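Visitor: After the structure tokens below, expect a handful of questions from me.
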Amino acid sequence: MSKNNGKGAKGEFEFPQPAKKQTLGEMIYNPQEGTFFGRTGKNWSQLLMFYSIFYIVLAALFTICMQGLLSTINDREPKWKLHESLIGTNPGLGFRPLSEQTERGSVIEFNGKKPAESDYWIELIDDFLRDYNHTEGREMKHCNYGQTHEPSEVCVFNTDLFGDCSRANNYGYKANQPCIFLKLNKIFSWTPEVFDAPEKDMPEDLKKVINGTAMEERKQIWVSCNGHLSKDKELFQNIKYFPSQGFPAYYYPFLNQPGYLSPLVAVQFISPPKGQMLDVECRAWAKNIIYSGSARDRKGSVTFQIIVN
């Protein structure tokens with residue numbers, strides 16, 4: 001055995017030497033290794049070719065998927081309708097004016113003697129009715145009960161029949177007799193099944209209206225408004241409906257006809273209580289409109305509040 005026991009011999013393992021520091025110029029181009037940013041020209045061309053092919057294939061797959069999807073979509077009608085759709089077959093009831101200020105919620109508060117307050121709601125209704133008042137260039141016909149028309153035809157809605165809820169009367173807001181406009185949400189291909197005779201759970205005033213309406217003109221989705229709470233029902237007096245107390249059935253079905261406008265019902269509150277909130281519930285009546293007054297799952301009705309100061 002050697003006396004020096006291997007001393008002075010070259011070690012079996014060596015620590016790696018630190019990389020040589022490069023200047024900024026050498027990082028960009030190293031003339032010794034012939035690299036740009038650490039890669040040779042061949043490396044860069046291979047990398048560019050790989051990603052070019054990768055993104056071309058990715059774009060082609062995306063295009064094929066989009067074309068396949070668009071081929072199943074009809075521009076005029078939804079693929080899933082009525083019971084097959086997420087919307088279902090129960091149209092919701094909406095109202096206008098509805099403030100754009102979310103903190104107001106569904107409360108309509110104003111004082112007719114203060115122009116700024118009443119003008120605010122009048123302008124909102126003007127915006128809502130703009131399409132109804134400007135139908136120039138649209139293919140529309142004047143429909144009536146007993147007439148026959150093709151489903152593709154569009155019936156004009158005449159805002160001149162709003163009576164005291166017309167623009168000429170400032171929709172009643174200057175006189176503290178506000179008008180609220182009701183409309184049903186559109187559901188493609190939905191057709192109402194109307195009540196030709198009063199139902200036992202209908203309000204008495206609606207029963208009188210139906211009984212006093214000619215049989216031919218009972219083809220309507222009837223509408224009734226009343227106090228949402230028991231304390232409010234005592235305050236409901238002198239309510240008027242324009243043009244009638246229902247949505248005529250000849251406006252349906254909605255088939256995405258060009259220029260189609262949903263029918264409206266204007267409800268005027270002649271003598272709302274001063275300085276007191278009036279909680280209103282309006283309901284649509286048809287055999288195929290399910291009603292639920294639940295706050296969490298409201299169907300076939302809408303609630304709003306009126307405060308006249």
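Identifiers in the structure tokens: chain A, B, ... in order shown; residue index from 1 per chain; ligand index from 1 in order shown.
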With a cut-off of 7 Å, could you pull out the residues of stretch 130-235 of chain A touching stretch 270-290 of chain A and give me the nearest pair of atoms for each, distance in Å to one decimal, using only C-alpha atoms, ordered by chain and ascending number, as JSON lines?

Guide:
```
{"residue": "A:Gln177", "atom": "CA", "partner": "A:Ile270", "partner_atom": "CA", "distance": 4.9}
{"residue": "A:Pro192", "atom": "CA", "partner": "A:Asn288", "partner_atom": "CA", "distance": 6.5}
{"residue": "A:Glu193", "atom": "CA", "partner": "A:Lys287", "partner_atom": "CA", "distance": 5.2}
{"residue": "A:Val194", "atom": "CA", "partner": "A:Ala286", "partner_atom": "CA", "distance": 4.9}
{"residue": "A:Phe195", "atom": "CA", "partner": "A:Ala286", "partner_atom": "CA", "distance": 6.0}
{"residue": "A:Ile221", "atom": "CA", "partner": "A:Ala286", "partner_atom": "CA", "distance": 5.6}
{"residue": "A:Trp222", "atom": "CA", "partner": "A:Trp285", "partner_atom": "CA", "distance": 4.9}
{"residue": "A:Val223", "atom": "CA", "partner": "A:Ala284", "partner_atom": "CA", "distance": 4.7}
{"residue": "A:Ser224", "atom": "CA", "partner": "A:Arg283", "partner_atom": "CA", "distance": 5.5}
{"residue": "A:Cys225", "atom": "CA", "partner": "A:Cys282", "partner_atom": "CA", "distance": 4.1}
{"residue": "A:Asn226", "atom": "CA", "partner": "A:Glu281", "partner_atom": "CA", "distance": 5.5}
{"residue": "A:Gly227", "atom": "CA", "partner": "A:Val280", "partner_atom": "CA", "distance": 4.8}
{"residue": "A:His228", "atom": "CA", "partner": "A:Glu281", "partner_atom": "CA", "distance": 4.9}
{"residue": "A:Leu229", "atom": "CA", "partner": "A:Asp279", "partner_atom": "CA", "distance": 6.8}
{"residue": "A:Asp232", "atom": "CA", "partner": "A:Leu278", "partner_atom": "CA", "distance": 6.1}
```

Visitor: With a distance cut-off of 10 Å and only C-alpha atoms, select the neighbouring residues of A:Met140, excluding the residue or stretch itself and same-chain residues fewer than 3 positions from it, and output the selection as a PyMOL selection string.

Guide: chain A and resi 135-137+143+153-157+258-260

Visitor: Select from stretch 38-262 of chain A everything DSSP, run on the backbone, classes as strand (DSSP E), then give the selection as JSON, numbers by chain.

Guide: {"A": [93, 94, 95, 96, 107, 108, 109, 110, 179, 180, 181, 182, 183, 184, 220, 221, 222, 223, 224, 225, 226, 227, 239, 240, 241, 242, 246, 247, 248]}

Visitor: I want to know what sits within 7 Å of A:Lys240, based on only C-alpha atoms, with residues of the same chain fewer than 3 positions away left out; could you give that as a list in words?

Guide: Val267, Gln268 and Phe269 of chain A

Visitor: Which residue out of A:Leu58, A:Ile53, A:Ile187, A:Cys165 has the minimum interatomic distance to A:Lys81 when only C-alpha atoms are used?

Guide: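 Among the listed residues, the smallest separation from A:Lys81 belongs to A:Ile187.
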
Visitor: Fewer than 3 positions away in the same chain doesn't count, so skip those; otherwise give me all residues within 8 Å of A:Asn256, counting only C-alpha atoms, as a ChimeraX atom specification.

Guide: /A:76-77,188,260

Visitor: Could you dump the residues just selected with all heavy atoms as a PDB file, in the first residue's frame?

Guide:
```pdb
ATOM      1  N   ARG A  76     -83.100  32.395 -37.207  1.00  0.00           N
ATOM      2  CA  ARG A  76     -84.465  32.870 -36.987  1.00  0.00           C
ATOM      3  C   ARG A  76     -85.130  32.266 -35.768  1.00  0.00           C
ATOM      4  O   ARG A  76     -86.064  32.856 -35.212  1.00  0.00           O
ATOM      5  CB  ARG A  76     -85.314  32.569 -38.235  1.00  0.00           C
ATOM      6  CG  ARG A  76     -84.910  33.334 -39.467  1.00  0.00           C
ATOM      7  CD  ARG A  76     -85.094  34.838 -39.288  1.00  0.00           C
ATOM      8  NE  ARG A  76     -86.444  35.167 -38.872  1.00  0.00           N
ATOM      9  CZ  ARG A  76     -87.473  35.336 -39.719  1.00  0.00           C
ATOM     10  NH1 ARG A  76     -87.268  35.202 -41.021  1.00  0.00           N
ATOM     11  NH2 ARG A  76     -88.658  35.646 -39.271  1.00  0.00           N
ATOM     12  N   GLU A  77     -84.711  31.096 -35.355  1.00  0.00           N
ATOM     13  CA  GLU A  77     -85.388  30.464 -34.231  1.00  0.00           C
ATOM     14  C   GLU A  77     -84.397  29.661 -33.403  1.00  0.00           C
ATOM     15  O   GLU A  77     -83.398  29.153 -33.923  1.00  0.00           O
ATOM     16  CB  GLU A  77     -86.520  29.564 -34.705  1.00  0.00           C
ATOM     17  CG  GLU A  77     -86.088  28.391 -35.552  1.00  0.00           C
ATOM     18  CD  GLU A  77     -87.256  27.539 -35.984  1.00  0.00           C
ATOM     19  OE1 GLU A  77     -88.031  28.008 -36.853  1.00  0.00           O
ATOM     20  OE2 GLU A  77     -87.411  26.415 -35.465  1.00  0.00           O
ATOM     21  N   PHE A 188     -90.431  32.201 -27.566  1.00  0.00           N
ATOM     22  CA  PHE A 188     -90.587  31.802 -28.962  1.00  0.00           C
ATOM     23  C   PHE A 188     -91.627  30.690 -29.092  1.00  0.00           C
ATOM     24  O   PHE A 188     -91.591  29.690 -28.380  1.00  0.00           O
ATOM     25  CB  PHE A 188     -89.243  31.324 -29.525  1.00  0.00           C
ATOM     26  CG  PHE A 188     -89.247  31.107 -31.002  1.00  0.00           C
ATOM     27  CD1 PHE A 188     -88.894  32.125 -31.864  1.00  0.00           C
ATOM     28  CD2 PHE A 188     -89.606  29.885 -31.538  1.00  0.00           C
ATOM     29  CE1 PHE A 188     -88.901  31.933 -33.228  1.00  0.00           C
ATOM     30  CE2 PHE A 188     -89.622  29.674 -32.902  1.00  0.00           C
ATOM     31  CZ  PHE A 188     -89.263  30.704 -33.751  1.00  0.00           C
ATOM     32  N   TYR A 260     -91.293  42.968 -34.698  1.00  0.00           N
ATOM     33  CA  TYR A 260     -92.300  42.557 -33.710  1.00  0.00           C
ATOM     34  C   TYR A 260     -92.176  43.382 -32.432  1.00  0.00           C
ATOM     35  O   TYR A 260     -91.079  43.629 -31.923  1.00  0.00           O
ATOM     36  CB  TYR A 260     -92.133  41.078 -33.376  1.00  0.00           C
ATOM     37  CG  TYR A 260     -93.099  40.574 -32.321  1.00  0.00           C
ATOM     38  CD1 TYR A 260     -94.343  40.080 -32.674  1.00  0.00           C
ATOM     39  CD2 TYR A 260     -92.760  40.614 -30.967  1.00  0.00           C
ATOM     40  CE1 TYR A 260     -95.232  39.611 -31.712  1.00  0.00           C
ATOM     41  CE2 TYR A 260     -93.640  40.144 -30.002  1.00  0.00           C
ATOM     42  CZ  TYR A 260     -94.874  39.648 -30.378  1.00  0.00           C
ATOM     43  OH  TYR A 260     -95.753  39.200 -29.414  1.00  0.00           O
TER      44      TYR A 260
END
```

Visitor: Skipping near chain neighbours, those fewer than 5 positions away, what residues fall within 12 Å of A:Pro198 using only C-alpha atoms, listed as a compact mmCIF listing (two decimals) with N, CA and C atoms, in the first residue's frame?

Guide:
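Resulting contents of part-v1.txt:
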```txt
# COMPACT_ATOMS: atom_id res chain seq x y z
N PRO A 203 -110.29 38.24 -9.36
CA PRO A 203 -110.89 39.37 -8.64
C PRO A 203 -112.26 39.72 -9.21
N GLU A 204 -113.12 40.27 -8.37
CA GLU A 204 -114.48 40.58 -8.80
C GLU A 204 -114.51 41.58 -9.94
N ASP A 205 -113.62 42.57 -9.90
CA ASP A 205 -113.65 43.58 -10.97
C ASP A 205 -113.27 42.95 -12.31
N LEU A 206 -112.34 41.97 -12.31
CA LEU A 206 -111.98 41.30 -13.55
C LEU A 206 -113.13 40.43 -14.05
N LYS A 207 -113.83 39.78 -13.14
CA LYS A 207 -114.98 38.97 -13.55
C LYS A 207 -116.03 39.84 -14.26
N LYS A 208 -116.25 41.03 -13.73
CA LYS A 208 -117.23 41.94 -14.35
C LYS A 208 -116.77 42.35 -15.75
N VAL A 209 -115.48 42.60 -15.88
CA VAL A 209 -114.95 43.00 -17.19
C VAL A 209 -115.13 41.88 -18.20
N ILE A 210 -114.82 40.65 -17.81
CA ILE A 210 -114.95 39.52 -18.74
C ILE A 210 -116.41 39.30 -19.12
N ASN A 211 -117.28 39.36 -18.14
CA ASN A 211 -118.71 39.17 -18.43
C ASN A 211 -119.25 40.28 -19.32
N GLY A 212 -118.67 41.46 -19.22
CA GLY A 212 -119.13 42.58 -20.03
C GLY A 212 -118.44 42.69 -21.37
N THR A 213 -117.56 41.75 -21.69
CA THR A 213 -116.83 41.76 -22.96
C THR A 213 -117.47 40.79 -23.93
N MET A 215 -117.98 37.96 -26.61
CA MET A 215 -117.31 36.65 -26.63
C MET A 215 -116.13 36.65 -27.59
N ARG A 218 -112.93 38.17 -26.04
CA ARG A 218 -112.39 37.56 -24.83
C ARG A 218 -111.10 36.79 -25.09
N TRP A 222 -105.76 38.04 -19.71
CA TRP A 222 -106.30 39.05 -18.80
C TRP A 222 -105.26 39.49 -17.78
N TRP A 285 -103.44 36.40 -16.50
CA TRP A 285 -104.36 35.27 -16.40
C TRP A 285 -104.48 34.56 -17.75
N ALA A 286 -104.04 33.31 -17.77
CA ALA A 286 -104.24 32.43 -18.92
C ALA A 286 -104.13 30.99 -18.42
N LYS A 287 -104.71 30.08 -19.16
CA LYS A 287 -104.70 28.68 -18.72
C LYS A 287 -103.29 28.10 -18.66
```

Visitor: Could you give me, as a list in words, the residues within 10 Å of A:Ile108, counting only C-alpha atoms and dropping anything in the same chain fewer than 6 positions from it?

Guide: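 Near A:Ile108, the qualifying residues are Arg96, Pro97, Leu98, Ser99, Trp121, Pro178, Ile180, Met277, Leu278, Phe304, Gln305, Ile306, Ile307 and Val308 of chain A.
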
Visitor: Hey, can you check how far atom CA of A:His142 sits from atom CA of A:Asp160?

Guide: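 So the answer is 13.1 Å.
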
Visitor: Determine, for each residue of stretch 146-227 of chain A having at least one atom at most 6 Å from an atom of stretch 249-252 of chain A, the closest pair of atoms and their separation in Å to one decimal, counting only C-alpha atoms; order by chain and ascending number, as CSV.

Guide:
```
residue,atom,partner,partner_atom,distance
A:Thr191,CA,A:Tyr252,CA,5.7
A:Lys219,CA,A:Ala249,CA,5.5
A:Gln220,CA,A:Ala249,CA,5.1
```
